[in-house]
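Working notes, structure below.
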Amino acid sequence: MKDIISKNGYKIRQIIKNFTGEYNEDLEQEVYIKTYKNLEKYKEQNKFTQWICTITANLCRDYLKSSYFKNKKMIDTDEDNLNNISSKTTPEAIYTAKERQKIVLRAVNSLPKKMKEAVILYEFEDYSYEKIAERLHIPIGTVKSRINSARKILSEELKFLIEEDYQ
């Protein structure tokens with residue numbers, strides 16, 4: 001197993017970072033565990049590196065679909081946004097900002113999966129259209145279309161928040 005880790009560790013960490021945007025030691029450990037458990041299923045006519053990279057990519061996809069990841073991202077985003085609110089702001093203003101933020105996050109979360117994915121990467125993760133296209137394996141035009149469609153849905157759904165600002 002040490003040989004497998006030493007030969008493939010760097011590649012596995014790179015795949016995890018490309019998928020999740022950060023290094024995740026737990027995911028790397030999962031890859032090694034799954035590899036070890038399935039070694040007898042490995043067919044020698046295929047390249048071992050390709051096989052372990054496929055395992056890594058599949059585990060990353062499962063992780064990104066998991067409720068743990070979605071909740072973690074939402075909590076991280078909430079905390080980041082709350083930290084941006086001035087400490088001089090009144091408690092009432094902070095409460096209102098938190099509530100508005102929850103409403104916006106719920107609206108984003110209610111978008112169809114493909115739109116939500118693109119919007120989160122663009123608006124919250126600051127990915128460019130090109131990076132999103134690369135990450136999702138879709139054309140740039142599709143990325144732009146999904147984000148535009150999502151914005152239309154969100155602006156309609158959140159119209160009342162904008163109207164509150166002008167009253």
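Lettering and numbering for the structure tokens are positional, with chains as A, B, ... in the shown order, residues counted from 1 in each chain, and ligands counted from 1 in the shown order.
Excluding region 21-29 of chain A itself and any same-chain residue fewer than 4 positions from it, the protein and nucleic acid residues within 10 Å of it, counting only C-alpha atoms, are Ile5, Gly9, Ile12, Arg13, Gln14, Ile15, Ile16, Lys17, Ile33, Lys34, Thr35, Thr56, Leu59, Cys60, Tyr63 and Glu125 of chain A.
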Could you write out the selected residues, including C-alpha atoms, as a CSV table (one decimal), in the first residue's frame?
chain,number,residue,atom,x,y,z
A,5,ILE,CA,0.5,6.0,-1.9
A,9,GLY,CA,-0.5,10.4,-3.7
A,12,ILE,CA,-4.8,12.0,-5.9
A,13,ARG,CA,-4.4,15.2,-3.9
A,14,GLN,CA,-4.5,17.2,-7.2
A,15,ILE,CA,-7.7,15.6,-8.3
A,16,ILE,CA,-9.3,16.2,-4.9
A,17,LYS,CA,-8.2,19.9,-4.9
A,33,ILE,CA,-9.4,2.5,1.7
A,34,LYS,CA,-11.6,2.0,-1.4
A,35,THR,CA,-8.5,1.1,-3.5
A,56,THR,CA,-10.8,9.5,-6.7
A,59,LEU,CA,-15.5,9.8,-4.5
A,60,CYS,CA,-15.1,13.5,-5.0
A,63,TYR,CA,-18.7,14.1,-1.6
A,125,GLU,CA,-16.8,31.0,-5.3
Check which residues of region 109-132 of chain A sit at most 9 Å from region 139-152 of chain A using only C-alpha atoms, and return one row each with the closest pair of atoms and their distance in Å to one decimal, ordered by chain and rising number, as a Markdown table.
| residue | atom | partner | partner_atom | distance |
| --- | --- | --- | --- | --- |
| A:Leu111 | CA | A:Ala150 | CA | 7.0 |
| A:Pro112 | CA | A:Ala150 | CA | 8.5 |
| A:Lys114 | CA | A:Arg146 | CA | 7.3 |
| A:Met115 | CA | A:Arg146 | CA | 5.1 |
| A:Lys116 | CA | A:Ala150 | CA | 7.3 |
| A:Ala118 | CA | A:Ile147 | CA | 6.1 |
| A:Val119 | CA | A:Ile147 | CA | 5.6 |
| A:Tyr122 | CA | A:Ile147 | CA | 8.1 |
| A:Tyr129 | CA | A:Ile140 | CA | 6.1 |
| A:Glu130 | CA | A:Ile140 | CA | 6.1 |
| A:Lys131 | CA | A:Ile140 | CA | 9.0 |
| A:Ile132 | CA | A:Val143 | CA | 7.0 |
Write out the residues from the selection above, keeping N, CA and C atoms, as a PDB file, in the first residue's frame.
ATOM      1  N   LEU A 111     -32.994  26.525  -6.686  1.00  0.00           N
ATOM      2  CA  LEU A 111     -32.802  26.500  -8.139  1.00  0.00           C
ATOM      3  C   LEU A 111     -32.594  25.063  -8.622  1.00  0.00           C
ATOM      4  N   PRO A 112     -32.902  24.805  -9.891  1.00  0.00           N
ATOM      5  CA  PRO A 112     -32.562  23.485 -10.445  1.00  0.00           C
ATOM      6  C   PRO A 112     -31.058  23.235 -10.275  1.00  0.00           C
ATOM      7  N   LYS A 114     -28.460  22.138 -11.930  1.00  0.00           N
ATOM      8  CA  LYS A 114     -27.437  22.623 -12.866  1.00  0.00           C
ATOM      9  C   LYS A 114     -27.259  24.134 -12.773  1.00  0.00           C
ATOM     10  N   MET A 115     -28.359  24.851 -12.592  1.00  0.00           N
ATOM     11  CA  MET A 115     -28.274  26.305 -12.442  1.00  0.00           C
ATOM     12  C   MET A 115     -27.615  26.660 -11.121  1.00  0.00           C
ATOM     13  N   LYS A 116     -28.037  25.975 -10.067  1.00  0.00           N
ATOM     14  CA  LYS A 116     -27.506  26.249  -8.726  1.00  0.00           C
ATOM     15  C   LYS A 116     -25.993  26.052  -8.707  1.00  0.00           C
ATOM     16  N   ALA A 118     -23.831  26.277 -11.161  1.00  0.00           N
ATOM     17  CA  ALA A 118     -23.155  27.357 -11.890  1.00  0.00           C
ATOM     18  C   ALA A 118     -23.182  28.666 -11.095  1.00  0.00           C
ATOM     19  N   VAL A 119     -24.327  28.994 -10.497  1.00  0.00           N
ATOM     20  CA  VAL A 119     -24.459  30.235  -9.731  1.00  0.00           C
ATOM     21  C   VAL A 119     -23.543  30.230  -8.515  1.00  0.00           C
ATOM     22  N   TYR A 122     -19.985  30.755  -9.607  1.00  0.00           N
ATOM     23  CA  TYR A 122     -19.745  32.103 -10.128  1.00  0.00           C
ATOM     24  C   TYR A 122     -19.890  33.179  -9.050  1.00  0.00           C
ATOM     25  N   TYR A 129     -16.220  32.249 -15.963  1.00  0.00           N
ATOM     26  CA  TYR A 129     -17.014  31.382 -16.833  1.00  0.00           C
ATOM     27  C   TYR A 129     -16.151  30.223 -17.347  1.00  0.00           C
ATOM     28  N   GLU A 130     -14.918  30.534 -17.694  1.00  0.00           N
ATOM     29  CA  GLU A 130     -14.018  29.514 -18.243  1.00  0.00           C
ATOM     30  C   GLU A 130     -13.737  28.416 -17.216  1.00  0.00           C
ATOM     31  N   LYS A 131     -13.463  28.828 -15.977  1.00  0.00           N
ATOM     32  CA  LYS A 131     -13.177  27.844 -14.918  1.00  0.00           C
ATOM     33  C   LYS A 131     -14.401  26.974 -14.632  1.00  0.00           C
ATOM     34  N   ILE A 132     -15.576  27.598 -14.657  1.00  0.00           N
ATOM     35  CA  ILE A 132     -16.807  26.835 -14.416  1.00  0.00           C
ATOM     36  C   ILE A 132     -17.003  25.816 -15.535  1.00  0.00           C
TER      37      ILE A 132
END
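Among the candidate residues A:Ala133, A:Ile103, A:Val31, A:Leu158, the one lying nearest to Glu117 (chain A) is A:Ala133, with distances computed using only C-alpha atoms.
Between CA of Lys7 (chain A) and CA of Leu136 (chain A) lies a distance of 27.5 Å.
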One number please: CA of Glu123 (chain A) to CA of Val104 (chain A), in Å, one decimal.
12.1 Å
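Among the candidates A:Ile94, A:Ala107, A:Cys53, A:Ile138, the one nearest to Leu161 (chain A) when counting only C-alpha atoms is A:Ala107.
Between CA of Thr96 (chain A) and CA of Phe160 (chain A) the interatomic distance comes to 14.2 Å.
Residues surrounding Tyr42 (chain A) within 8 Å are Asn38, Phe48 and Trp51 of chain A [only C-alpha atoms; sequence separation below 4 positions excluded].
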Writing out the chosen residues with N, CA and C atoms as a PDB file, in the first residue's frame:
ATOM      1  N   ASN A  38     -10.778  -2.887  -3.039  1.00  0.00           N
ATOM      2  CA  ASN A  38     -11.146  -3.323  -4.383  1.00  0.00           C
ATOM      3  C   ASN A  38      -9.962  -3.765  -5.233  1.00  0.00           C
ATOM      4  N   PHE A  48      -3.110   1.267 -13.855  1.00  0.00           N
ATOM      5  CA  PHE A  48      -3.473   1.377 -12.443  1.00  0.00           C
ATOM      6  C   PHE A  48      -3.733   2.831 -12.063  1.00  0.00           C
ATOM      7  N   TRP A  51      -7.104   3.871 -13.072  1.00  0.00           N
ATOM      8  CA  TRP A  51      -8.099   3.228 -12.220  1.00  0.00           C
ATOM      9  C   TRP A  51      -8.242   3.961 -10.891  1.00  0.00           C
TER      10      TRP A  51
END
